[in-house]
$ cat final-v5.pdb   # PDB, C-alpha atoms, pLDDT in the B column
ATOM      1  CA  MET J   1      82.801  64.484 107.753  1.00 66.00           C
ATOM      2  CA  TYR J   2      85.545  66.599 109.262  1.00 73.00           C
ATOM      3  CA  VAL J   3      85.289  70.333 109.837  1.00 71.00           C
ATOM      4  CA  ASP J   4      88.207  72.263 111.191  1.00 78.00           C
ATOM      5  CA  ASP J   5      87.520  75.340 113.308  1.00 86.00           C
ATOM      6  CA  ILE J   6      84.353  77.201 114.138  1.00 88.00           C
ATOM      7  CA  ILE J   7      83.753  80.432 115.989  1.00 91.00           C
ATOM      8  CA  PHE J   8      80.364  81.764 116.948  1.00 92.00           C
ATOM      9  CA  GLY J   9      78.968  84.691 118.813  1.00 89.00           C
ATOM     10  CA  ALA J  10      75.696  86.226 119.946  1.00 89.00           C
ATOM     11  CA  THR J  11      74.540  89.373 121.666  1.00 85.00           C
ATOM     12  CA  ASN J  12      72.886  87.159 124.247  1.00 91.00           C
ATOM     13  CA  GLU J  13      75.220  84.921 126.232  1.00 90.00           C
ATOM     14  CA  LYS J  14      72.428  82.389 126.819  1.00 95.00           C
ATOM     15  CA  MET J  15      72.051  81.852 123.084  1.00 94.00           C
ATOM     16  CA  CYS J  16      75.787  81.195 122.829  1.00 92.00           C
ATOM     17  CA  GLU J  17      75.554  78.535 125.506  1.00 92.00           C
ATOM     18  CA  GLU J  18      72.483  76.979 123.934  1.00 94.00           C
ATOM     19  CA  PHE J  19      74.173  76.738 120.538  1.00 94.00           C
ATOM     20  CA  SER J  20      77.319  75.324 122.104  1.00 93.00           C
ATOM     21  CA  ASN J  21      75.347  72.577 123.856  1.00 94.00           C
ATOM     22  CA  LEU J  22      73.411  71.786 120.707  1.00 94.00           C
ATOM     23  CA  MET J  23      76.609  71.491 118.667  1.00 92.00           C
ATOM     24  CA  GLN J  24      78.341  69.347 121.253  1.00 92.00           C
ATOM     25  CA  SER J  25      75.410  66.955 121.474  1.00 94.00           C
ATOM     26  CA  GLU J  26      75.287  66.616 117.690  1.00 92.00           C
ATOM     27  CA  PHE J  27      78.999  66.457 116.818  1.00 90.00           C
ATOM     28  CA  GLU J  28      82.141  65.042 118.293  1.00 89.00           C
ATOM     29  CA  MET J  29      83.940  68.257 119.170  1.00 88.00           C
ATOM     30  CA  SER J  30      85.708  70.136 121.910  1.00 88.00           C
ATOM     31  CA  MET J  31      84.679  73.558 123.197  1.00 88.00           C
ATOM     32  CA  MET J  32      87.641  75.842 123.638  1.00 89.00           C
ATOM     33  CA  GLY J  33      85.706  78.441 125.632  1.00 89.00           C
ATOM     34  CA  GLU J  34      85.789  82.189 125.118  1.00 91.00           C
ATOM     35  CA  LEU J  35      87.454  83.353 121.902  1.00 93.00           C
ATOM     36  CA  ARG J  36      90.943  84.693 122.613  1.00 95.00           C
ATOM     37  CA  PHE J  37      93.048  83.595 119.660  1.00 94.00           C
ATOM     38  CA  PHE J  38      92.025  82.574 116.149  1.00 92.00           C
ATOM     39  CA  LEU J  39      94.193  81.995 113.053  1.00 92.00           C
ATOM     40  CA  GLY J  40      96.945  84.166 114.479  1.00 93.00           C
ATOM     41  CA  LEU J  41      94.569  86.944 115.437  1.00 95.00           C
ATOM     42  CA  GLN J  42      94.471  88.012 119.060  1.00 96.00           C
ATOM     43  CA  ILE J  43      90.967  88.807 120.268  1.00 96.00           C
ATOM     44  CA  LYS J  44      90.498  90.758 123.465  1.00 96.00           C
ATOM     45  CA  GLN J  45      86.938  90.895 124.737  1.00 94.00           C
ATOM     46  CA  ASN J  46      85.948  93.179 127.580  1.00 94.00           C
ATOM     47  CA  GLU J  47      83.023  95.213 128.913  1.00 93.00           C
ATOM     48  CA  ASP J  48      83.491  98.019 126.369  1.00 94.00           C
ATOM     49  CA  GLY J  49      83.869  95.916 123.243  1.00 94.00           C
ATOM     50  CA  ILE J  50      86.129  93.657 121.229  1.00 94.00           C
ATOM     51  CA  PHE J  51      89.683  94.456 120.118  1.00 97.00           C
ATOM     52  CA  ILE J  52      91.383  92.478 117.353  1.00 96.00           C
ATOM     53  CA  CYS J  53      95.126  92.634 116.769  1.00 96.00           C
ATOM     54  CA  GLN J  54      98.040  90.372 115.807  1.00 95.00           C
TER      55      GLN J  54
ATOM     56  CA  MET B  55     110.898 105.442 114.170  1.00 81.00           C
ATOM     57  CA  MET B  56     108.551 105.783 111.216  1.00 89.00           C
ATOM     58  CA  SER B  57     105.244 107.608 111.444  1.00 94.00           C
ATOM     59  CA  THR B  58     103.965 106.386 108.073  1.00 96.00           C
ATOM     60  CA  PRO B  59     104.361 103.010 106.303  1.00 97.00           C
ATOM     61  CA  MET B  60     105.427 104.612 103.044  1.00 96.00           C
ATOM     62  CA  HIS B  61     107.331 107.646 101.817  1.00 95.00           C
ATOM     63  CA  PRO B  62     104.737 110.344 101.070  1.00 92.00           C
ATOM     64  CA  SER B  63     106.089 111.489  97.695  1.00 88.00           C
ATOM     65  CA  SER B  64     108.609 109.070  96.194  1.00 84.00           C
ATOM     66  CA  THR B  65     106.984 106.236  94.231  1.00 87.00           C
ATOM     67  CA  LEU B  66     108.158 102.717  93.512  1.00 91.00           C
ATOM     68  CA  ASP B  67     108.873 101.550  89.991  1.00 91.00           C
ATOM     69  CA  LYS B  68     110.269  98.408  88.385  1.00 92.00           C
ATOM     70  CA  ASP B  69     113.849  99.635  89.004  1.00 94.00           C
ATOM     71  CA  GLU B  70     115.363  97.464  86.283  1.00 94.00           C
ATOM     72  CA  THR B  71     118.862  98.843  86.826  1.00 96.00           C
ATOM     73  CA  GLY B  72     118.786  98.271  90.596  1.00 96.00           C
ATOM     74  CA  THR B  73     120.643  95.541  92.490  1.00 97.00           C
ATOM     75  CA  SER B  74     118.391  92.488  92.597  1.00 97.00           C
ATOM     76  CA  ILE B  75     117.712  90.712  95.877  1.00 97.00           C
ATOM     77  CA  SER B  76     116.401  87.256  96.810  1.00 98.00           C
ATOM     78  CA  GLU B  77     112.931  86.749  95.368  1.00 97.00           C
ATOM     79  CA  LYS B  78     112.177  84.003  97.861  1.00 98.00           C
ATOM     80  CA  GLU B  79     112.929  86.169 100.884  1.00 98.00           C
ATOM     81  CA  TYR B  80     111.056  89.123  99.440  1.00 98.00           C
ATOM     82  CA  ARG B  81     107.970  86.970  98.801  1.00 98.00           C
ATOM     83  CA  GLY B  82     108.181  85.695 102.371  1.00 98.00           C
ATOM     84  CA  MET B  83     108.149  89.226 103.767  1.00 98.00           C
ATOM     85  CA  ILE B  84     105.226  90.238 101.530  1.00 98.00           C
ATOM     86  CA  GLY B  85     103.335  87.105 102.567  1.00 98.00           C
ATOM     87  CA  SER B  86     103.688  87.933 106.255  1.00 98.00           C
ATOM     88  CA  LEU B  87     102.674  91.540 105.702  1.00 98.00           C
ATOM     89  CA  LEU B  88      99.627  90.538 103.654  1.00 98.00           C
ATOM     90  CA  TYR B  89      98.462  88.310 106.498  1.00 97.00           C
ATOM     91  CA  LEU B  90      98.867  91.221 108.870  1.00 97.00           C
ATOM     92  CA  THR B  91      96.522  93.363 106.775  1.00 97.00           C
ATOM     93  CA  ALA B  92      93.658  91.298 108.247  1.00 96.00           C
ATOM     94  CA  SER B  93      93.860  93.555 111.303  1.00 96.00           C
ATOM     95  CA  ARG B  94      95.873  96.508 109.960  1.00 97.00           C
ATOM     96  CA  PRO B  95      94.061  98.468 107.232  1.00 97.00           C
ATOM     97  CA  ASP B  96      96.634 101.242 107.627  1.00 97.00           C
ATOM     98  CA  ILE B  97      99.298  99.248 105.795  1.00 97.00           C
ATOM     99  CA  VAL B  98      97.183  97.762 103.008  1.00 97.00           C
ATOM    100  CA  PHE B  99      98.215 100.297 100.379  1.00 96.00           C
ATOM    101  CA  ALA B 100     101.925 100.166 101.199  1.00 97.00           C
ATOM    102  CA  VAL B 101     102.007  96.373 101.287  1.00 98.00           C
ATOM    103  CA  GLY B 102     100.003  96.116  98.074  1.00 96.00           C
ATOM    104  CA  MET B 103     102.429  98.487  96.393  1.00 95.00           C
ATOM    105  CA  CYS B 104     105.471  96.441  97.448  1.00 97.00           C
ATOM    106  CA  ALA B 105     103.685  93.220  96.457  1.00 97.00           C
ATOM    107  CA  ARG B 106     103.639  94.375  92.831  1.00 95.00           C
ATOM    108  CA  PHE B 107     107.398  93.884  92.585  1.00 96.00           C
ATOM    109  CA  GLN B 108     107.620  90.290  93.754  1.00 97.00           C
ATOM    110  CA  THR B 109     109.090  89.245  90.431  1.00 96.00           C
ATOM    111  CA  ALA B 110     112.592  90.724  90.164  1.00 96.00           C
ATOM    112  CA  PRO B 111     112.678  92.677  93.438  1.00 98.00           C
ATOM    113  CA  THR B 112     115.596  95.060  94.003  1.00 97.00           C
ATOM    114  CA  GLU B 113     117.222  96.923  96.892  1.00 97.00           C
ATOM    115  CA  SER B 114     114.836  99.849  96.429  1.00 97.00           C
ATOM    116  CA  HIS B 115     111.805  97.588  96.897  1.00 98.00           C
ATOM    117  CA  LEU B 116     113.387  96.007  99.943  1.00 98.00           C
ATOM    118  CA  THR B 117     113.982  99.462 101.396  1.00 97.00           C
ATOM    119  CA  ALA B 118     110.251 100.172 101.026  1.00 97.00           C
ATOM    120  CA  VAL B 119     109.359  96.886 102.735  1.00 98.00           C
ATOM    121  CA  LYS B 120     111.758  97.635 105.587  1.00 98.00           C
ATOM    122  CA  ARG B 121     110.097 100.996 106.064  1.00 98.00           C
ATOM    123  CA  ILE B 122     106.781  99.179 106.611  1.00 98.00           C
ATOM    124  CA  PHE B 123     108.465  96.995 109.230  1.00 98.00           C
ATOM    125  CA  ARG B 124     109.900 100.067 110.960  1.00 97.00           C
ATOM    126  CA  TYR B 125     106.460 101.649 110.944  1.00 98.00           C
ATOM    127  CA  LEU B 126     105.009  98.480 112.475  1.00 98.00           C
ATOM    128  CA  VAL B 127     107.615  98.439 115.239  1.00 97.00           C
ATOM    129  CA  SER B 128     106.467 101.870 116.382  1.00 96.00           C
ATOM    130  CA  THR B 129     102.748 101.101 116.040  1.00 96.00           C
ATOM    131  CA  THR B 130     102.343  97.642 117.589  1.00 95.00           C
ATOM    132  CA  ASP B 131      99.250  98.621 119.592  1.00 94.00           C
ATOM    133  CA  ILE B 132      97.018  99.252 116.557  1.00 95.00           C
ATOM    134  CA  GLY B 133      94.140  96.893 115.783  1.00 96.00           C
ATOM    135  CA  ILE B 134      90.447  96.721 115.009  1.00 97.00           C
ATOM    136  CA  TRP B 135      88.125  97.978 117.711  1.00 97.00           C
ATOM    137  CA  TYR B 136      84.494  96.886 117.879  1.00 95.00           C
ATOM    138  CA  LYS B 137      82.870  99.035 120.513  1.00 95.00           C
ATOM    139  CA  LYS B 138      79.934  97.711 122.477  1.00 91.00           C
ATOM    140  CA  ASN B 139      76.521  99.378 122.045  1.00 89.00           C
ATOM    141  CA  SER B 140      77.740 101.362 119.064  1.00 88.00           C
ATOM    142  CA  HIS B 141      75.067 102.524 116.621  1.00 93.00           C
ATOM    143  CA  PHE B 142      74.587 100.586 113.385  1.00 93.00           C
ATOM    144  CA  ASP B 143      74.570 103.098 110.536  1.00 97.00           C
ATOM    145  CA  LEU B 144      76.278 101.910 107.376  1.00 97.00           C
ATOM    146  CA  LEU B 145      78.932 104.323 106.194  1.00 98.00           C
ATOM    147  CA  ALA B 146      81.252 103.844 103.238  1.00 98.00           C
ATOM    148  CA  TYR B 147      84.192 105.823 101.880  1.00 97.00           C
ATOM    149  CA  CYS B 148      86.089 105.401  98.640  1.00 96.00           C
ATOM    150  CA  ASP B 149      88.724 107.221  96.644  1.00 96.00           C
ATOM    151  CA  ALA B 150      91.216 106.658  93.859  1.00 96.00           C
ATOM    152  CA  ASP B 151      94.552 108.139  92.876  1.00 92.00           C
ATOM    153  CA  TYR B 152      95.064 109.740  89.462  1.00 92.00           C
ATOM    154  CA  PRO B 153      97.443 109.418  87.825  1.00 81.00           C
ATOM    155  CA  GLY B 154      98.394 106.323  89.730  1.00 80.00           C
ATOM    156  CA  ASP B 155     101.215 103.953  88.973  1.00 84.00           C
ATOM    157  CA  LYS B 156     103.927 105.138  86.584  1.00 80.00           C
ATOM    158  CA  VAL B 157     104.571 101.765  84.941  1.00 80.00           C
ATOM    159  CA  GLU B 158     101.150 100.626  83.808  1.00 88.00           C
ATOM    160  CA  ARG B 159      99.323 103.966  84.098  1.00 92.00           C
ATOM    161  CA  LYS B 160      96.656 102.273  86.177  1.00 94.00           C
ATOM    162  CA  SER B 161      95.109 103.918  89.217  1.00 95.00           C
ATOM    163  CA  THR B 162      94.456 102.393  92.621  1.00 95.00           C
ATOM    164  CA  SER B 163      91.071 102.440  94.367  1.00 96.00           C
ATOM    165  CA  GLY B 164      90.694 102.369  98.105  1.00 96.00           C
ATOM    166  CA  ALA B 165      87.513 101.857 100.097  1.00 97.00           C
ATOM    167  CA  CYS B 166      86.277 101.122 103.584  1.00 97.00           C
ATOM    168  CA  GLN B 167      82.894 100.287 105.081  1.00 98.00           C
ATOM    169  CA  LEU B 168      81.801 100.967 108.629  1.00 97.00           C
ATOM    170  CA  LEU B 169      78.811  99.765 110.626  1.00 96.00           C
ATOM    171  CA  GLY B 170      78.451 102.418 113.274  1.00 95.00           C
ATOM    172  CA  GLU B 171      81.946 102.985 114.598  1.00 94.00           C
ATOM    173  CA  ALA B 172      83.093  99.509 113.606  1.00 96.00           C
ATOM    174  CA  LEU B 173      85.229  99.034 110.529  1.00 97.00           C
ATOM    175  CA  VAL B 174      83.943  95.840 108.939  1.00 96.00           C
ATOM    176  CA  SER B 175      85.575  95.778 105.527  1.00 97.00           C
ATOM    177  CA  TRP B 176      88.285  97.564 103.573  1.00 97.00           C
ATOM    178  CA  SER B 177      90.046  97.209 100.265  1.00 96.00           C
ATOM    179  CA  CYS B 178      92.836  98.629  98.143  1.00 96.00           C
ATOM    180  CA  ARG B 179      93.034  97.485  94.540  1.00 95.00           C
ATOM    181  CA  LYS B 180      94.844  98.498  91.421  1.00 94.00           C
ATOM    182  CA  GLN B 181      92.182  99.202  88.811  1.00 95.00           C
ATOM    183  CA  ASN B 182      91.810  96.794  85.897  1.00 95.00           C
ATOM    184  CA  THR B 183      91.614  99.451  83.207  1.00 94.00           C
ATOM    185  CA  ILE B 184      93.512 102.622  82.450  1.00 94.00           C
ATOM    186  CA  ALA B 185      91.252 105.512  83.445  1.00 94.00           C
ATOM    187  CA  LEU B 186      91.447 108.483  81.089  1.00 94.00           C
ATOM    188  CA  SER B 187      90.011 111.182  83.340  1.00 93.00           C
ATOM    189  CA  THR B 188      89.660 112.162  86.999  1.00 93.00           C
ATOM    190  CA  ALA B 189      85.925 111.406  86.694  1.00 94.00           C
ATOM    191  CA  GLU B 190      86.411 107.948  85.193  1.00 94.00           C
ATOM    192  CA  VAL B 191      88.994 107.021  87.762  1.00 94.00           C
ATOM    193  CA  GLU B 192      86.440 107.430  90.561  1.00 94.00           C
ATOM    194  CA  TYR B 193      83.683 105.229  89.145  1.00 91.00           C
ATOM    195  CA  VAL B 194      85.350 102.359  87.205  1.00 84.00           C
TER     196      VAL B 194
END

$ encode --input "final-v5.pdb" --output "C-alpha coordinates"
Amino acid sequence: MYVDDIIFGATNEKMCEEFSNLMQSEFEMSMMGELRFFLGLQIKQNEDGIFICQ
Amino acid sequence: MMSTPMHPSSTLDKDETGTSISEKEYRGMIGSLLYLTASRPDIVFAVGMCARFQTAPTESHLTAVKRIFRYLVSTTDIGIWYKKNSHFDLLAYCDADYPGDKVERKSTSGACQLLGEALVSWSCRKQNTIALSTAEVEYV
(Lines of atoms letter the chains of each structure in order from A and count residues from 1; the text may use other names and numbers.)
(Lines give C-alpha, C1' and ligand atoms only; values in the text may rest on other atoms or scores of the structure.)
Protein backbone atom coordinates (compact mmCIF):
# COMPACT_ATOMS: atom_id res chain seq x y z
CA MET A 1 0.00 0.00 0.00
CA TYR A 2 1.18 3.50 -0.79
CA VAL A 3 0.12 6.59 1.13
CA ASP A 4 1.29 9.99 0.06
CA ASP A 5 1.74 12.67 2.71
CA ILE A 6 0.92 12.78 6.39
CA ILE A 7 1.10 15.56 8.92
CA PHE A 8 0.55 15.15 12.62
CA GLY A 9 0.66 17.28 15.70
CA ALA A 10 0.21 17.13 19.45
CA THR A 11 0.17 19.53 22.35
CA ASN A 12 2.91 17.44 23.91
CA GLU A 13 6.15 17.24 21.95
CA LYS A 14 6.97 13.85 23.48
CA MET A 15 3.80 12.36 22.03
CA CYS A 16 4.79 13.67 18.60
CA GLU A 17 8.15 11.96 18.86
CA GLU A 18 6.61 8.74 20.11
CA PHE A 19 4.15 8.63 17.22
CA SER A 20 6.89 9.43 14.73
CA ASN A 21 9.03 6.55 16.00
CA LEU A 22 6.09 4.18 15.96
CA MET A 23 5.22 5.11 12.37
CA GLN A 24 8.80 4.82 11.19
CA SER A 25 9.21 1.38 12.74
CA GLU A 26 5.98 0.18 11.13
CA PHE A 27 6.22 1.75 7.67
CA GLU A 28 8.89 2.53 5.15
CA MET A 29 8.83 6.31 5.30
CA SER A 30 10.94 9.40 5.73
CA MET A 31 10.44 12.00 8.46
CA MET A 32 10.66 15.51 7.11
CA GLY A 33 10.88 17.12 10.55
CA GLU A 34 8.95 20.15 11.74
CA LEU A 35 6.08 21.23 9.50
CA ARG A 36 7.06 24.29 7.46
CA PHE A 37 5.43 23.79 4.07
CA PHE A 38 2.49 21.62 3.05
CA LEU A 39 0.55 21.54 -0.24
CA GLY A 40 1.63 25.08 -1.05
CA LEU A 41 0.76 26.38 2.39
CA GLN A 42 3.50 28.04 4.40
CA ILE A 43 3.35 27.17 8.08
CA LYS A 44 5.26 29.28 10.57
CA GLN A 45 5.42 27.85 14.07
CA ASN A 46 6.76 29.88 16.96
CA GLU A 47 6.37 30.37 20.71
CA ASP A 48 3.13 32.35 20.38
CA GLY A 49 1.31 30.09 17.94
CA ILE A 50 1.02 28.92 14.36
CA PHE A 51 0.63 31.15 11.30
CA ILE A 52 -0.58 29.76 7.97
CA CYS A 53 -0.21 31.67 4.72
CA GLN A 54 0.60 31.08 1.05
CA MET B 1 -3.61 49.77 -4.25
CA MET B 2 -6.94 48.17 -3.42
CA SER B 3 -8.32 48.04 0.11
CA THR B 4 -11.12 45.60 -0.73
CA PRO B 5 -11.22 42.61 -3.12
CA MET B 6 -14.46 43.74 -4.72
CA HIS B 7 -16.27 46.94 -5.60
CA PRO B 8 -18.67 47.67 -2.72
CA SER B 9 -21.76 48.55 -4.78
CA SER B 10 -21.47 47.49 -8.42
CA THR B 11 -22.48 43.87 -9.02
CA LEU B 12 -21.40 41.39 -11.67
CA ASP B 13 -23.85 39.99 -14.18
CA LYS B 14 -23.65 37.74 -17.23
CA ASP B 15 -22.68 40.73 -19.42
CA GLU B 16 -23.82 39.09 -22.65
CA THR B 17 -23.01 42.15 -24.75
CA GLY B 18 -19.48 42.50 -23.35
CA THR B 19 -16.25 41.63 -25.15
CA SER B 20 -15.50 37.97 -24.46
CA ILE B 21 -12.08 36.90 -23.24
CA SER B 22 -10.20 33.58 -23.14
CA GLU B 23 -12.15 31.05 -21.09
CA LYS B 24 -9.05 28.96 -20.52
CA GLU B 25 -7.07 31.83 -19.02
CA TYR B 26 -10.00 32.99 -16.93
CA ARG B 27 -10.48 29.47 -15.51
CA GLY B 28 -6.78 29.34 -14.70
CA MET B 29 -6.97 32.57 -12.70
CA ILE B 30 -10.09 31.39 -10.84
CA GLY B 31 -8.40 28.07 -10.09
CA SER B 32 -5.40 29.78 -8.52
CA LEU B 33 -7.59 32.11 -6.50
CA LEU B 34 -9.76 29.25 -5.25
CA TYR B 35 -6.66 27.46 -3.99
CA LEU B 36 -5.64 30.62 -2.19
CA THR B 37 -8.94 30.71 -0.29
CA ALA B 38 -7.55 27.87 1.86
CA SER B 39 -5.71 30.54 3.85
CA ARG B 40 -7.56 33.71 2.80
CA PRO B 41 -11.21 33.78 3.92
CA ASP B 42 -11.32 37.48 3.07
CA ILE B 43 -11.45 36.78 -0.66
CA VAL B 44 -13.85 33.83 -0.67
CA PHE B 45 -16.92 35.86 -1.61
CA ALA B 46 -15.20 37.84 -4.37
CA VAL B 47 -13.58 34.76 -5.89
CA GLY B 48 -16.81 32.79 -5.68
CA MET B 49 -18.63 35.61 -7.44
CA CYS B 50 -16.10 35.72 -10.30
CA ALA B 51 -16.14 31.91 -10.51
CA ARG B 52 -19.81 32.02 -11.53
CA PHE B 53 -18.87 33.48 -14.91
CA GLN B 54 -16.34 30.89 -16.02
CA THR B 55 -18.48 30.02 -19.02
CA ALA B 56 -18.41 32.98 -21.42
CA PRO B 57 -16.29 35.39 -19.36
CA THR B 58 -16.01 38.99 -20.58
CA GLU B 59 -13.80 42.02 -19.97
CA SER B 60 -15.98 43.11 -17.06
CA HIS B 61 -15.44 39.79 -15.27
CA LEU B 62 -11.72 39.99 -15.92
CA THR B 63 -11.67 43.49 -14.44
CA ALA B 64 -13.23 42.08 -11.26
CA VAL B 65 -10.64 39.29 -11.11
CA LYS B 66 -7.82 41.79 -11.60
CA ARG B 67 -9.17 43.83 -8.71
CA ILE B 68 -8.80 40.75 -6.48
CA PHE B 69 -5.19 40.40 -7.63
CA ARG B 70 -4.54 44.08 -6.88
CA TYR B 71 -6.06 43.62 -3.44
CA LEU B 72 -3.81 40.60 -2.86
CA VAL B 73 -0.70 42.54 -3.87
CA SER B 74 -1.36 45.05 -1.10
CA THR B 75 -2.30 42.42 1.50
CA THR B 76 0.35 39.71 1.12
CA ASP B 77 0.93 39.39 4.87
CA ILE B 78 -2.56 38.07 5.69
CA GLY B 79 -3.03 34.47 6.80
CA ILE B 80 -4.58 32.25 9.44
CA TRP B 81 -3.30 32.72 12.96
CA TYR B 82 -3.64 29.99 15.58
CA LYS B 83 -2.59 31.54 18.85
CA LYS B 84 -1.08 29.38 21.55
CA ASN B 85 -3.00 28.91 24.83
CA SER B 86 -6.11 30.50 23.37
CA HIS B 87 -9.40 29.53 25.00
CA PHE B 88 -11.60 26.94 23.28
CA ASP B 89 -15.12 28.36 23.10
CA LEU B 90 -16.99 27.53 19.92
CA LEU B 91 -18.32 30.62 18.20
CA ALA B 92 -20.14 30.74 14.88
CA TYR B 93 -21.38 33.58 12.68
CA CYS B 94 -23.58 33.46 9.61
CA ASP B 95 -25.39 35.86 7.34
CA ALA B 96 -26.98 36.04 3.91
CA ASP B 97 -27.59 38.75 1.35
CA TYR B 98 -31.11 39.56 0.14
CA PRO B 99 -31.82 40.14 -2.62
CA GLY B 100 -28.66 38.50 -3.82
CA ASP B 101 -27.66 37.82 -7.38
CA LYS B 102 -29.54 39.64 -10.13
CA VAL B 103 -29.47 36.81 -12.67
CA GLU B 104 -30.89 33.85 -10.79
CA ARG B 105 -32.43 35.74 -7.85
CA LYS B 106 -30.60 33.45 -5.47
CA SER B 107 -28.98 34.71 -2.29
CA THR B 108 -25.54 33.89 -0.94
CA SER B 109 -24.88 32.59 2.58
CA GLY B 110 -21.66 33.19 4.42
CA ALA B 111 -20.51 31.59 7.66
CA CYS B 112 -17.46 31.15 9.83
CA GLN B 113 -16.67 29.06 12.90
CA LEU B 114 -14.10 29.87 15.54
CA LEU B 115 -12.62 27.80 18.35
CA GLY B 116 -11.45 30.42 20.79
CA GLU B 117 -9.62 32.98 18.70
CA ALA B 118 -8.81 30.47 15.98
CA LEU B 119 -10.78 30.47 12.76
CA VAL B 120 -11.23 26.80 11.89
CA SER B 121 -13.79 26.81 9.11
CA TRP B 122 -15.54 29.23 6.78
CA SER B 123 -17.86 29.08 3.82
CA CYS B 124 -19.58 31.21 1.21
CA ARG B 125 -22.25 29.54 -0.90
CA LYS B 126 -24.94 30.59 -3.29
CA GLN B 127 -28.19 29.21 -1.91
CA ASN B 128 -29.89 26.37 -3.77
CA THR B 129 -33.37 27.85 -3.68
CA ILE B 130 -34.83 31.27 -4.30
CA ALA B 131 -35.68 32.73 -0.90
CA LEU B 132 -38.90 34.75 -0.87
CA SER B 133 -38.36 36.76 2.30
CA THR B 134 -35.62 38.23 4.50
CA ALA B 135 -36.54 35.62 7.14
CA GLU B 136 -36.35 32.66 4.75
CA VAL B 137 -33.06 33.81 3.34
CA GLU B 138 -31.41 33.48 6.76
CA TYR B 139 -32.48 29.92 7.57
CA VAL B 140 -32.61 27.96 4.26

$ atom_distance --input "final-v5.pdb" --atom1 "CA of Ala10 in chain J" --atom2 "CA of Gly49 in chain J"
13.1 Å

$ interface_residues --input "final-v5.pdb" --of "chain B" --to "chain J" --cutoff "12 Å" --atoms "only C-alpha atoms" --output "PyMOL selection string"
chain B and resi 86-87+89-95+126+129-140+171-174

$ write_last_selection --input "final-v5.pdb" --atoms "C-alpha atoms" --output "PDB file, in the coordinates of the input"
ATOM      1  CA  SER B  86     103.688  87.933 106.255  1.00 98.00           C
ATOM      2  CA  LEU B  87     102.674  91.540 105.702  1.00 98.00           C
ATOM      3  CA  TYR B  89      98.462  88.310 106.498  1.00 97.00           C
ATOM      4  CA  LEU B  90      98.867  91.221 108.870  1.00 97.00           C
ATOM      5  CA  THR B  91      96.522  93.363 106.775  1.00 97.00           C
ATOM      6  CA  ALA B  92      93.658  91.298 108.247  1.00 96.00           C
ATOM      7  CA  SER B  93      93.860  93.555 111.303  1.00 96.00           C
ATOM      8  CA  ARG B  94      95.873  96.508 109.960  1.00 97.00           C
ATOM      9  CA  PRO B  95      94.061  98.468 107.232  1.00 97.00           C
ATOM     10  CA  LEU B 126     105.009  98.480 112.475  1.00 98.00           C
ATOM     11  CA  THR B 129     102.748 101.101 116.040  1.00 96.00           C
ATOM     12  CA  THR B 130     102.343  97.642 117.589  1.00 95.00           C
ATOM     13  CA  ASP B 131      99.250  98.621 119.592  1.00 94.00           C
ATOM     14  CA  ILE B 132      97.018  99.252 116.557  1.00 95.00           C
ATOM     15  CA  GLY B 133      94.140  96.893 115.783  1.00 96.00           C
ATOM     16  CA  ILE B 134      90.447  96.721 115.009  1.00 97.00           C
ATOM     17  CA  TRP B 135      88.125  97.978 117.711  1.00 97.00           C
ATOM     18  CA  TYR B 136      84.494  96.886 117.879  1.00 95.00           C
ATOM     19  CA  LYS B 137      82.870  99.035 120.513  1.00 95.00           C
ATOM     20  CA  LYS B 138      79.934  97.711 122.477  1.00 91.00           C
ATOM     21  CA  ASN B 139      76.521  99.378 122.045  1.00 89.00           C
ATOM     22  CA  SER B 140      77.740 101.362 119.064  1.00 88.00           C
ATOM     23  CA  GLU B 171      81.946 102.985 114.598  1.00 94.00           C
ATOM     24  CA  ALA B 172      83.093  99.509 113.606  1.00 96.00           C
ATOM     25  CA  LEU B 173      85.229  99.034 110.529  1.00 97.00           C
ATOM     26  CA  VAL B 174      83.943  95.840 108.939  1.00 96.00           C
TER      27      VAL B 174
END

$ residues_around --input "final-v5.pdb" --residues "range 116-118 of chain B" --least-positions-apart "4" --cutoff "7 Å" --atoms "all atoms listed in the file" --output "PDB file with C-alpha atoms, in the frame of the given file"
ATOM      1  CA  MET B  60     105.427 104.612 103.044  1.00 96.00           C
ATOM      2  CA  THR B 112     115.596  95.060  94.003  1.00 97.00           C
ATOM      3  CA  ILE B 122     106.781  99.179 106.611  1.00 98.00           C
TER       4      ILE B 122
END

$ residues_around --input "final-v5.pdb" --residues "Tyr80 in chain B" --least-positions-apart "2" --cutoff "10 Å" --atoms "only C-alpha atoms" --output "NGL selection string"
:B and (75-78 or 82-85 or 104-105 or 107-112 or 115-116 or 119)

$ atom_distance --input "final-v5.pdb" --atom1 "CA of Cys178 in chain B" --atom2 "CA of Val157 in chain B"
17.9 Å

$ atom_distance --input "final-v5.pdb" --atom1 "CA of Lys120 in chain B" --atom2 "CA of Asn182 in chain B"
28.0 Å

$ residues_around --input "final-v5.pdb" --residues "range 165-169 of chain B" --least-positions-apart "6" --cutoff "7 Å" --atoms "all atoms listed in the file" --output "ChimeraX atom specification"
/B:142-149,175-178

$ residues_around --input "final-v5.pdb" --residues "Gln181 in chain B" --least-positions-apart "5" --cutoff "9 Å" --atoms "only C-alpha atoms" --output "short mmCIF file (atom, residue, chain, number, x, y, z; two decimals) with C-alpha atoms, in the frame of the given file"
data_model
loop_
_atom_site.label_atom_id
_atom_site.label_comp_id
_atom_site.auth_asym_id
_atom_site.auth_seq_id
_atom_site.Cartn_x
_atom_site.Cartn_y
_atom_site.Cartn_z
CA LYS B 160 96.66 102.27 86.18
CA SER B 161 95.11 103.92 89.22
CA THR B 162 94.46 102.39 92.62
CA SER B 163 91.07 102.44 94.37
CA VAL B 191 88.99 107.02 87.76
CA VAL B 194 85.35 102.36 87.20
#

$ closest_residue --input "final-v5.pdb" --among "B:Ser74, B:Ser187, B:Ser57, B:Thr65" --to "Val127 in chain B" --atoms "all atoms listed in the file"
B:Ser57

$ axis_aligned_box --input "final-v5.pdb" --around "range 18-33 of chain J" --padding-each-side "3 Å" --output "JSON"
{"center_x": 80.1, "center_y": 71.7, "center_z": 121.2, "size_x": 21.2, "size_y": 19.4, "size_z": 14.8}

$ residues_around --input "final-v5.pdb" --residues "Ile6 in chain J" --least-positions-apart "4" --cutoff "12 Å" --atoms "all atoms listed in the file" --output "PDB file with C-alpha atoms, in the coordinates of the input"
ATOM      1  CA  TYR J   2      85.545  66.599 109.262  1.00 73.00           C
ATOM      2  CA  SER J  20      77.319  75.324 122.104  1.00 93.00           C
ATOM      3  CA  MET J  23      76.609  71.491 118.667  1.00 92.00           C
ATOM      4  CA  MET J  29      83.940  68.257 119.170  1.00 88.00           C
ATOM      5  CA  SER J  30      85.708  70.136 121.910  1.00 88.00           C
ATOM      6  CA  MET J  31      84.679  73.558 123.197  1.00 88.00           C
ATOM      7  CA  MET J  32      87.641  75.842 123.638  1.00 89.00           C
ATOM      8  CA  GLY J  33      85.706  78.441 125.632  1.00 89.00           C
ATOM      9  CA  LEU J  35      87.454  83.353 121.902  1.00 93.00           C
ATOM     10  CA  PHE J  38      92.025  82.574 116.149  1.00 92.00           C
ATOM     11  CA  LEU J  39      94.193  81.995 113.053  1.00 92.00           C
TER      12      LEU J  39
END
